[in-house]
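Remarks on the structure that follows.
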Amino acid sequence: SSADLQLDVYALFADSRDRVWVGAANSVPGYLPVRRLAAPRMTATAFADSQADHPIRLAATFAEDRAGTVWVGCSQGVVLRETRSSESAPAVLERISVSPQLPDASAVALAFEARGRLWIGSEGVFVADPAPGQPLRPRRVLPELDNTRVNCIVEGLQGRLFFGTERGVYRFDETSSELQHYTRADGLPGNDISHCVRDAGGDLWFASPVGVARFARDNEDGAPQPQVRVSELSVDGLPFPMAPLGSVNPTPLRLDAGSHRIGITLLAVLHASG
């Protein structure tokens, strides 16, 4: 059908029932930019848009609550929720009433934490306590991130929350109210973080347009990590000029076609107390 046309895929999400959700940056008239794929044949389900006169441009993030209900964060400050009128009725995606309205940002980031609260990223950070049949009532928190575009949210194994933003990653410890900032200088491939996820082993992954970084669960306590520098570089035995203390981003090599022997020496210095 026309709803099965090729989509510009932006996000993928696997829920607890082994269904794969696809968020897209486009759709066809009358349908939401979301598809659900179900095993075993990965049959695609499209969802009609109840407000087709105000189409959603982007389905950016997915989150699953403790009841197994899937939520979708979209552009224009829109939040969708999976619902069905009865146990036998097919599921639909309904637009949730949000009061006060979220900023009309590029997209809404969603994440449920272990306590059941819904964390929301937009132009800043919000938190809400969803209640059946009630509008979603987000409360603005973390004023340090006001006017900062928050693209993704993920919870670490120790309950800390990580926010992927246009300015890097922020880690929030609600117990101590500590907010720690990570940037490219701390090992991120770039500061504009678009996606984040926790894998089965507890490691956190952060993606940017220029690469991916892994935050090991063993380092979730925030211990400082050494910055790795290239201290020596040689091509076919000839040294390449380097700064005395090495370089984090050395000048790119340009080599003629053929076989070359490249030598690299790495240096890392950890500045820590003790």
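Chain lettering (A, B, ...) mirrors the order of the structure tokens, residue numbering begins at 1 for each chain separately, and ligand numbering begins at 1 in order of display.
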Env of range 233-246 of chain A: 8 Å cut, atoms = only C-alpha atoms, seq-sep filter 4 positions within chain, self excluded. Answer as a PyMOL selection string. chain A and resi 229+250+260-265+267
With a distance cut-off of 7 Å and only C-alpha atoms, select the neighbouring residues of range 180-183 of chain A, excluding the residue or stretch itself and same-chain residues fewer than 6 positions from it, and output the selection as a list in words. Gly168, Val169, Tyr170, Arg171, Phe172 and Asn191 of chain A
Using CA of Ser176 in chain A and CA of Val98 in chain A as the two end points, give the distance in Å to one decimal.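 CA of Val98 in chain A lies at a distance of 29.4 Å from CA of Ser176 in chain A.
Interatomic distance, CA of Pro252 in chain A against CA of Ala213 in chain A: 21.0 Å.
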Could you jot down the CA of Pro189 in chain A to CA of Trp119 in chain A separation for me, Å, one decimal place?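 Straight-line distance from CA of Pro189 in chain A to CA of Trp119 in chain A works out to 25.1 Å.
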If you run DSSP over the backbone, which residues in range 40-270 of chain A end up strand (DSSP E)? Put them as an MDAnalysis selection string. chainID A and resid 43:48 59:64 70:74 79:83 92:95 109:112 118:122 124:128 139:141 150:155 161:165 168:173 178:182 195:198 204:208 211:215 227:235 238:239 262:269
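You can rank A:Gly159, A:Pro33, A:Pro100, A:Pro138 by their closest distance to Leu80 in chain A using only C-alpha atoms, and at the top of that list sits A:Pro33.
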Given only C-alpha atoms as the counted atoms, nearest of A:Gln158, A:Gln6, A:Ser231, A:Ser16 to Leu204 in chain A: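 Comparing A:Gln158, A:Gln6, A:Ser231, A:Ser16 against Leu204 in chain A, the winner is A:Gln158.
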Give me the residues within 8 Å of Val141 in chain A as a ChimeraX atom specification, counting only C-alpha atoms and dropping any in the same chain fewer than 6 places off. /A:124-127
Can you write just those residues out, C-alpha atoms, as a short mmCIF file (atom, residue, chain, number, x, y, z; two decimals), in the first residue's frame?
```
data_model
loop_
_atom_site.label_atom_id
_atom_site.label_comp_id
_atom_site.auth_asym_id
_atom_site.auth_seq_id
_atom_site.Cartn_x
_atom_site.Cartn_y
_atom_site.Cartn_z
CA GLY A 124 15.90 21.85 27.98
CA VAL A 125 14.95 18.93 30.25
CA PHE A 126 11.54 18.04 31.68
CA VAL A 127 10.16 15.22 33.85
#
```
Find the nearest atom pair between each residue of range 131-212 of chain A and range 81-96 of chain A for residues within 10 Å, count only C-alpha atoms, give distances in Å to one decimal, sort rows by chain and ascending number, and present the table as a tab-separated table.
```
residue	atom	partner	partner_atom	distance
A:Gly133	CA	A:Ile96	CA	9.6
A:Gln134	CA	A:Ile96	CA	9.0
A:Pro135	CA	A:Ile96	CA	6.8
A:Leu136	CA	A:Ile96	CA	7.0
```
When you count only C-alpha atoms, which of these residues is closest to Ser208 in chain A: A:Ser247, A:Thr165, A:Ser97, A:Thr148?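 For Ser208 in chain A, the nearest of the given residues is A:Thr165.
Taking only C-alpha atoms into account, Asp173 in chain A lies nearest to A:Leu157 out of the set A:Leu102, A:Ala216, A:Leu157, A:Val20.
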Picked from range 2-224 of chain A by DSSP as helix (DSSP H, G or I), as a list in words: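 Residues of range 2-224 of chain A classed as helix (DSSP H, G or I): Ser2, Ala3, Asp4, Ser75, Gln76, Gly77, Pro143, Glu144, Leu145, Arg184, Ala185, Asp186, Arg217, Asp218 and Asn219 of chain A.
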Would you save the residues from that selection as a JSON list (two decimals), in the first residue's frame, using C-alpha atoms?
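Wrote it out as again.json, contents follow:
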```json
[["chain", "number", "residue", "atom", "x", "y", "z"],
["A", 2, "SER", "CA", 1.02, 3.66, -0.14],
["A", 3, "ALA", "CA", 1.83, 3.46, 3.58],
["A", 4, "ASP", "CA", 4.63, 0.99, 2.81],
["A", 75, "SER", "CA", 8.94, 16.90, 16.17],
["A", 76, "GLN", "CA", 6.78, 19.93, 16.94],
["A", 77, "GLY", "CA", 6.64, 18.94, 20.63],
["A", 143, "PRO", "CA", 17.97, 24.96, 34.55],
["A", 144, "GLU", "CA", 21.62, 24.56, 33.50],
["A", 145, "LEU", "CA", 20.31, 22.96, 30.30],
["A", 184, "ARG", "CA", 35.05, 16.05, 22.62],
["A", 185, "ALA", "CA", 37.97, 16.81, 24.95],
["A", 186, "ASP", "CA", 36.83, 13.85, 27.11],
["A", 217, "ARG", "CA", 29.75, 0.81, 32.84],
["A", 218, "ASP", "CA", 32.88, 0.30, 34.95],
["A", 219, "ASN", "CA", 33.53, 4.04, 34.64]]
```
Go through range 108-211 of chain A residue by residue and, counting only C-alpha atoms, keep those with an atom at most 9 Å from range 55-70 of chain A; for each kept residue give the shortest atom pair and its distance in Å to one decimal, ordered by chain and increasing number, as CSV.
```
residue,atom,partner,partner_atom,distance
A:Val108,CA,A:Ala60,CA,6.9
A:Ala109,CA,A:Thr61,CA,5.6
A:Leu110,CA,A:Ala63,CA,5.9
A:Ala111,CA,A:Ala63,CA,5.3
A:Phe112,CA,A:Asp65,CA,6.1
A:Glu113,CA,A:Asp65,CA,8.6
A:Ala114,CA,A:Arg66,CA,8.4
A:Gly116,CA,A:Arg66,CA,6.7
A:Arg117,CA,A:Asp65,CA,8.7
A:Leu118,CA,A:Asp65,CA,8.3
A:Asn151,CA,A:Ala60,CA,8.6
A:Cys152,CA,A:Thr61,CA,7.5
A:His195,CA,A:Thr61,CA,8.7
```
Filtering to C-alpha atoms, could you give me those residues as a compact mmCIF listing (two decimals), in the first residue's frame?
```txt
# COMPACT_ATOMS: atom_id res chain seq x y z
CA VAL A 108 11.26 15.35 21.58
CA ALA A 109 13.54 12.86 23.37
CA LEU A 110 11.89 10.38 25.76
CA ALA A 111 13.19 7.94 28.37
CA PHE A 112 11.55 6.10 31.27
CA GLU A 113 13.77 5.62 34.31
CA ALA A 114 13.58 2.72 36.75
CA GLY A 116 8.65 4.97 36.27
CA ARG A 117 8.99 8.68 35.63
CA LEU A 118 9.19 9.95 32.06
CA ASN A 151 18.43 14.92 21.56
CA CYS A 152 18.48 11.71 23.61
CA HIS A 195 21.45 9.13 19.68
```
